[in-house]
Amino acid sequence: MIEPERIQPLNDRTRTARVRYVLYWMQQSQREAHNPALEFAVAEANRRGQPLLVVFVLMDRYPEANERHFAFMLQGLEEVAASLGKRGIPFVARRGEPAEVVLELSGSASVLVCDRGYLRHQREWRETLAREAPCAVVQIEGDVVVPVAAVSTRAEFAARTIRPKVLAIRDDFLRVPRRQRLECPATELDVASDFDPLEPATTLAALDIDRSVRQVSRFRGGTSEARKLLRQFSNRELVGYSEDRNDPADPRCSSLSPYLHFGQISPVEVALKVARTENCALADREAFLEQLVVRRELSINFVTHVPRYDRFSAVPDWARRTLREHRGDERPVQYTRPKLEAAETHDPYWNAAMKEMVKTGYMHNYMRMYWGKKIIEWSASPERAYRTILGLNNKYFIDGRDPNSYTSVAWLFGLHDRPWTERAIFGKVRYMNAAGLERKFDIDRYVRWVEGLES
DNA sequence: ATCGGCTCGCGCAA
DNA sequence: TGCGCGAAGCCGAT
C-alpha cells in the first residue's frame with residue numbers, strides 16, 4: 001500500500017498509442033528494497049498487462065560530482081542490478097543527460113514513473129519530462145518519511161515550527177510498500193545498456209569525470225551495507241543516543257547519511273527499525289527520529305521553498321543584517337581556501353576535522369558545526385565564507401550536495417536558529433569556540449583518532 | 001556542575 | 001497587540 005500523498009501526477013496526459021512497457025526512471029531512490037516508486041511501477045505494469053523497464057542514467061557531468069561520489073554510487077547500483085535481476089525486472093543502465101535519455105525511452109512507454117528529488121536540477125529534469133514526454137508522468141515521493149506537501153506549504157522558520165506538523169502525522173507514513181511479483185515477462189524488450197552495472201570498477205575507470213577526490217575505504221555503497229550499519233547502530237550506539245550523540249571522540253552516529261543521500265536505503269525503513277528497537281529507551285529512539293525525521297524534513301522544506309537555497313541570500317533577514325553590520329570588523333586570523341583544504345591552520349581540532357573530511361568523506365556532525373563556524377571567523381566576508389564552506393562540503397563529503405548540506409551550511413549563518421549575544425564578525429549569529437570542545441569532550445582523543453586514519 | 005541572560009520573531013491568545 | 005518561548009551554544013555568576 002502506497003500512501004496517496006506520495007503519489008503525484010506531474011501532467012494529465014494519457015496515451016492510447018501502441019506502447020511497449022511501463023517505464024520507471026530510477027534517479028533519487030537508488031534501491032530495489034523498500035522503494036515505493038518501483039512498487040508503484042510494478043503495480044502499473046501488472047494492471048496494464050505490460051512489461052516493466054527500469055532505467056538509470058549515469059551522467060559524467062552531474063553537478064559537483066567527482067570520483068568519490070561516483071565510486072560509492074556505482075557500488076550501490078551493482079546491488080540494484082542484482083536485486084532487480086532476481087525479481088525478473090529488466091534494468092537498463094545508460095549514460096547521458098537524464099532528461100534526454102528518459103524522454104527517448106518514454107517514446108514507447110504507457111506511463112513514466114519517477115521518484116522524487118528536491119534539488120534544483122532534479123526538479124528541472126522532472127519538469128522537462130512532465131512537459132515533453134508523450135505519456136503520463138507520475139512522481140512517487142519515497143525518500144522522505146512524511147511527504148513535503150503534507151507537512152507544510154511554506155518555508156518554515158525553525159525546527160519548533162515544523163516539529164508539531166511533522167509529529168502529528170509521522171506515524172501514518174511509517175509503512176512498508178508491499179513487494180509484488182511482476183506478472184508480464186519481459187523477454188522481448190531488448191533495450192541496450194551503455195555500461196554493465198555489475199562491473200562498477202570497469203565503469204568507474206571509463207567515466208570522463210573529475211578525479212581530484214579519490215574514493216574512500218570508510219564507506220562502501222549499497223543497500224546491504226546500509227542495512228548492516230543500521231543493525232549495528234540500533235544494537236549498540238542507539239542506547240544513550242539522546243544524551244551522548246554529540247561527542248566526536250565517542251561517536252554514536254548511524255553513519256547512514258551517505259546511503260540516504262543516494263537513496264540506497266529508505267528513511268522509512270530506518271525510522272521503523274529504530275522505532276521498533278525494544279531494548280532501548282523511548283527518549284533515545286525519539287532523539288534519533290528527531291534527526292532523521294524532523295530535522296531532515298526541515299532541510300527538505302528549506303530547499304523546496306527557498307529558490308536560492310545555495311546562496312548567502314537564503315539566510316533570514318535578521319542574520320544577513322547583523323553579519324552586514326559586522327562586515328568591517330577586523331579579522332585577525334584569515335586563511336585562503338588552499339590553506340584550509342590542506343588542514344594548515346593554527347587550530348588542531350579544526351585541522352583534525354578537515355583531515356577526517358578529506359580522508360574519509362565524512363565528518364562527525366558536531367565537528368561539522370565547529371568546522372563551518374571557524375571558516376566564517378577566518379574568511380574576509382560572510383559571502384566568501386559561504387562559498388568556501390559549501391564548496392568544500394560538496395567536494396569531499398559523500399553525503400554532500402544534499403538538502404541537508406544546503407540547510408546545515410545556511411544554519412551556520414543563522415538559518416533556523418535564534419540570535420545570540422552580539423560579538424565581533426558574527427554579530428548576533430551563534431558562535432562556537434575551541435573552549436566548548438575542550439569543556440564538553442575529550443577532544444584530543446578525536447584528534448588522535450584522525451591522525452591514525454589511513455589516507 | 002548548574003543556571004540565567006543574551007536577542008529576535010513566530011505563533012497563539014486576546 | 002502582547003507576550004511566552006525557543007534549545008545541535010557561550011559565558012560568567014553562583
# chains A, B, ... in the order shown; residues from 1 in each chain; ligands from 1
call {"tool": "interface_residues", "arguments": {"of": "chain B", "to": "chain A", "cutoff": "10 Å", "atoms": "only C-alpha atoms (C1' of nucleotides)", "output": "list of chain:residue names"}}
result
B:DG5, B:DC6, B:DT7, B:DC8, B:DG9, B:DC10, B:DG11
call {"tool": "closest_atom_pairs", "arguments": {"of": "chain C", "to": "chain A", "cutoff": "10 Å", "atoms": "only C-alpha atoms (C1' of nucleotides)", "output": "JSON lines"}}
result
{"residue": "C:DG6", "atom": "C1'", "partner": "A:Arg160", "partner_atom": "CA", "distance": 7.3}
{"residue": "C:DA7", "atom": "C1'", "partner": "A:Asp417", "partner_atom": "CA", "distance": 9.3}
{"residue": "C:DA8", "atom": "C1'", "partner": "A:Tyr366", "partner_atom": "CA", "distance": 7.3}
{"residue": "C:DG9", "atom": "C1'", "partner": "A:Arg430", "partner_atom": "CA", "distance": 7.0}
{"residue": "C:DC10", "atom": "C1'", "partner": "A:Met432", "partner_atom": "CA", "distance": 7.4}
{"residue": "C:DC11", "atom": "C1'", "partner": "A:Thr421", "partner_atom": "CA", "distance": 9.8}
call {"tool": "residues_around", "arguments": {"residues": "A:Pro332", "least_positions_apart": "4", "cutoff": "12 Å", "atoms": "only C-alpha atoms (C1' of nucleotides)", "output": "PyMOL selection string"}}
result
chain A and resi 377-380+424-425
call {"tool": "write_last_selection", "arguments": {"atoms": "N, CA and C atoms", "output": "mmCIF file, in the first residue's frame"}}
result
data_model
loop_
_atom_site.group_PDB
_atom_site.id
_atom_site.type_symbol
_atom_site.label_atom_id
_atom_site.label_comp_id
_atom_site.auth_asym_id
_atom_site.auth_seq_id
_atom_site.Cartn_x
_atom_site.Cartn_y
_atom_site.Cartn_z
ATOM 1 N N GLU A 377 34.641 32.747 10.742
ATOM 2 C CA GLU A 377 35.522 33.612 11.526
ATOM 3 C C GLU A 377 36.798 33.964 10.756
ATOM 4 N N TRP A 378 37.264 33.037 9.917
ATOM 5 C CA TRP A 378 38.577 33.185 9.267
ATOM 6 C C TRP A 378 38.484 33.663 7.821
ATOM 7 N N SER A 379 37.290 34.069 7.379
ATOM 8 C CA SER A 379 37.129 34.494 5.985
ATOM 9 C C SER A 379 36.967 36.007 5.887
ATOM 10 N N ALA A 380 37.301 36.554 4.719
ATOM 11 C CA ALA A 380 37.264 38.006 4.523
ATOM 12 C C ALA A 380 35.848 38.559 4.604
ATOM 13 N N ALA A 424 32.085 40.305 17.746
ATOM 14 C CA ALA A 424 32.773 40.671 16.502
ATOM 15 C C ALA A 424 32.545 39.612 15.432
ATOM 16 N N ILE A 425 32.568 40.041 14.179
ATOM 17 C CA ILE A 425 32.459 39.221 12.971
ATOM 18 C C ILE A 425 31.086 38.549 12.858
#
call {"tool": "residues_around", "arguments": {"residues": "C:DT1", "least_positions_apart": "2", "cutoff": "12 Å", "atoms": "only C-alpha atoms (C1' of nucleotides)", "output": "JSON list (two decimals) with N, CA, C and O atoms (P, O5', C5', C4', C3', O3' and C1' of nucleotides), in the first residue's frame"}}
result
[["chain", "number", "residue", "atom", "x", "y", "z"],
["B", 12, "DC", "P", -0.03, 28.36, 16.32],
["B", 12, "DC", "O5'", -0.85, 28.61, 17.65],
["B", 12, "DC", "C5'", -0.19, 28.53, 18.91],
["B", 12, "DC", "C4'", -0.68, 29.61, 19.83],
["B", 12, "DC", "C3'", -2.22, 29.78, 19.83],
["B", 12, "DC", "O3'", -2.67, 29.78, 21.17],
["B", 12, "DC", "C1'", -1.15, 31.86, 19.62],
["B", 13, "DA", "P", -4.19, 29.45, 21.51],
["B", 13, "DA", "O5'", -4.49, 30.45, 22.71],
["B", 13, "DA", "C5'", -3.46, 30.77, 23.64],
["B", 13, "DA", "C4'", -3.67, 32.18, 24.17],
["B", 13, "DA", "C3'", -5.13, 32.53, 24.44],
["B", 13, "DA", "O3'", -5.21, 33.23, 25.67],
["B", 13, "DA", "C1'", -4.20, 34.10, 22.94],
["B", 14, "DA", "P", -6.60, 33.57, 26.38],
["B", 14, "DA", "O5'", -6.96, 35.03, 25.87],
["B", 14, "DA", "C5'", -6.26, 36.15, 26.44],
["B", 14, "DA", "C4'", -6.51, 37.38, 25.61],
["B", 14, "DA", "C3'", -7.97, 37.84, 25.55],
["B", 14, "DA", "O3'", -8.11, 39.07, 26.24],
["B", 14, "DA", "C1'", -6.89, 38.01, 23.43],
["C", 3, "DC", "P", 2.35, 42.44, 27.48],
["C", 3, "DC", "O5'", 2.80, 40.92, 27.39],
["C", 3, "DC", "C5'", 1.83, 39.87, 27.46],
["C", 3, "DC", "C4'", 2.47, 38.58, 27.02],
["C", 3, "DC", "C3'", 3.91, 38.39, 27.49],
["C", 3, "DC", "O3'", 4.06, 37.04, 27.89],
["C", 3, "DC", "C1'", 3.80, 38.07, 25.19]]
call {"tool": "select_by_dssp", "arguments": {"residues": "stretch 247-426 of chain A", "states": "helix (DSSP H, G or I)", "output": "JSON, numbers by chain"}}
result
{"A": [257, 258, 259, 260, 261, 267, 268, 269, 270, 271, 272, 273, 274, 275, 282, 283, 284, 285, 286, 287, 288, 289, 290, 291, 292, 293, 294, 295, 296, 297, 298, 299, 300, 301, 302, 303, 304, 305, 312, 313, 314, 317, 318, 319, 320, 321, 322, 323, 324, 325, 337, 338, 339, 340, 341, 348, 349, 350, 351, 352, 353, 354, 355, 356, 357, 358, 359, 360, 365, 366, 367, 368, 369, 370, 371, 372, 373, 374, 375, 376, 377, 382, 383, 384, 385, 386, 387, 388, 389, 390, 391, 392, 393, 394, 395, 396, 403, 404, 405, 406, 407, 408, 409, 410, 411, 412]}
call {"tool": "atom_distance", "arguments": {"atom1": "atom CA of A:Thr16", "atom2": "atom CA of A:Ser110"}}
result
8.0 Å
call {"tool": "residues_around", "arguments": {"residues": "B:DC3", "least_positions_apart": "2", "cutoff": "10 Å", "atoms": "only C-alpha atoms (C1' of nucleotides)", "output": "mmCIF file with N, CA and C atoms (P, O5', C5', C4', C3', O3' and C1' of nucleotides), in the first residue's frame"}}
result
data_model
loop_
_atom_site.group_PDB
_atom_site.id
_atom_site.type_symbol
_atom_site.label_atom_id
_atom_site.label_comp_id
_atom_site.auth_asym_id
_atom_site.auth_seq_id
_atom_site.Cartn_x
_atom_site.Cartn_y
_atom_site.Cartn_z
ATOM 1 P P DA B 1 32.372 19.128 37.168
ATOM 2 O "O5'" DA B 1 30.893 19.217 37.710
ATOM 3 C "C5'" DA B 1 29.787 18.595 37.099
ATOM 4 C "C4'" DA B 1 28.560 19.103 37.807
ATOM 5 C "C3'" DA B 1 27.410 19.380 36.849
ATOM 6 O "O3'" DA B 1 26.182 19.084 37.504
ATOM 7 C "C1'" DA B 1 28.101 21.414 37.882
ATOM 8 P P DG B 5 17.452 35.863 33.984
ATOM 9 O "O5'" DG B 5 18.382 36.572 32.903
ATOM 10 C "C5'" DG B 5 19.633 37.130 33.316
ATOM 11 C "C4'" DG B 5 20.456 37.414 32.092
ATOM 12 C "C3'" DG B 5 19.657 37.972 30.908
ATOM 13 O "O3'" DG B 5 20.358 39.078 30.362
ATOM 14 C "C1'" DG B 5 20.880 36.082 30.227
ATOM 15 P P DA C 13 31.188 37.442 36.293
ATOM 16 O "O5'" DA C 13 30.003 36.946 37.242
ATOM 17 C "C5'" DA C 13 28.643 37.319 36.932
ATOM 18 C "C4'" DA C 13 27.709 36.461 37.745
ATOM 19 C "C3'" DA C 13 28.125 36.297 39.213
ATOM 20 O "O3'" DA C 13 26.986 36.429 40.064
ATOM 21 C "C1'" DA C 13 27.926 34.175 38.205
ATOM 22 P P DT C 14 27.160 36.534 41.664
ATOM 23 O "O5'" DT C 14 26.904 35.043 42.150
ATOM 24 C "C5'" DT C 14 25.597 34.512 42.197
ATOM 25 C "C4'" DT C 14 25.619 33.007 42.342
ATOM 26 C "C3'" DT C 14 26.221 32.519 43.657
ATOM 27 O "O3'" DT C 14 25.192 32.212 44.601
ATOM 28 C "C1'" DT C 14 26.790 31.138 41.778
#
call {"tool": "residues_around", "arguments": {"residues": "stretch 43-46 of chain A", "least_positions_apart": "3", "cutoff": "7 Å", "atoms": "only C-alpha atoms (C1' of nucleotides)", "output": "list in words"}}
result
Val22, Glu39, Phe40, Gly49, Gln50, Pro51, Leu52, Leu182, Glu183 and Cys184 of chain A
call {"tool": "write_last_selection", "arguments": {"atoms": "N, CA and C atoms", "output": "short mmCIF file (atom, residue, chain, number, x, y, z; two decimals), in the first residue's frame"}}
result
data_model
loop_
_atom_site.label_atom_id
_atom_site.label_comp_id
_atom_site.auth_asym_id
_atom_site.auth_seq_id
_atom_site.Cartn_x
_atom_site.Cartn_y
_atom_site.Cartn_z
N VAL A 22 5.81 -0.17 -19.25
CA VAL A 22 5.79 0.85 -18.21
C VAL A 22 7.25 1.17 -17.91
N GLU A 39 7.66 -0.14 -6.66
CA GLU A 39 6.48 -0.98 -6.43
C GLU A 39 5.25 -0.40 -7.13
N PHE A 40 5.17 0.93 -7.21
CA PHE A 40 4.08 1.55 -7.95
C PHE A 40 4.18 1.17 -9.44
N GLY A 49 -1.09 -5.12 -17.86
CA GLY A 49 -0.65 -6.33 -18.56
C GLY A 49 0.56 -6.06 -19.44
N GLN A 50 1.43 -5.17 -18.99
CA GLN A 50 2.62 -4.82 -19.77
C GLN A 50 3.88 -5.17 -19.01
N PRO A 51 5.01 -5.27 -19.72
CA PRO A 51 6.28 -5.43 -19.01
C PRO A 51 6.72 -4.11 -18.38
N LEU A 52 7.70 -4.22 -17.51
CA LEU A 52 8.26 -3.04 -16.85
C LEU A 52 9.71 -2.90 -17.25
N LEU A 182 6.21 -9.27 -10.54
CA LEU A 182 5.95 -8.71 -11.86
C LEU A 182 5.37 -9.82 -12.73
N GLU A 183 4.16 -9.59 -13.25
CA GLU A 183 3.45 -10.69 -13.91
C GLU A 183 3.86 -10.90 -15.36
N CYS A 184 4.09 -9.81 -16.07
CA CYS A 184 4.30 -9.93 -17.51
C CYS A 184 5.80 -10.12 -17.82
#
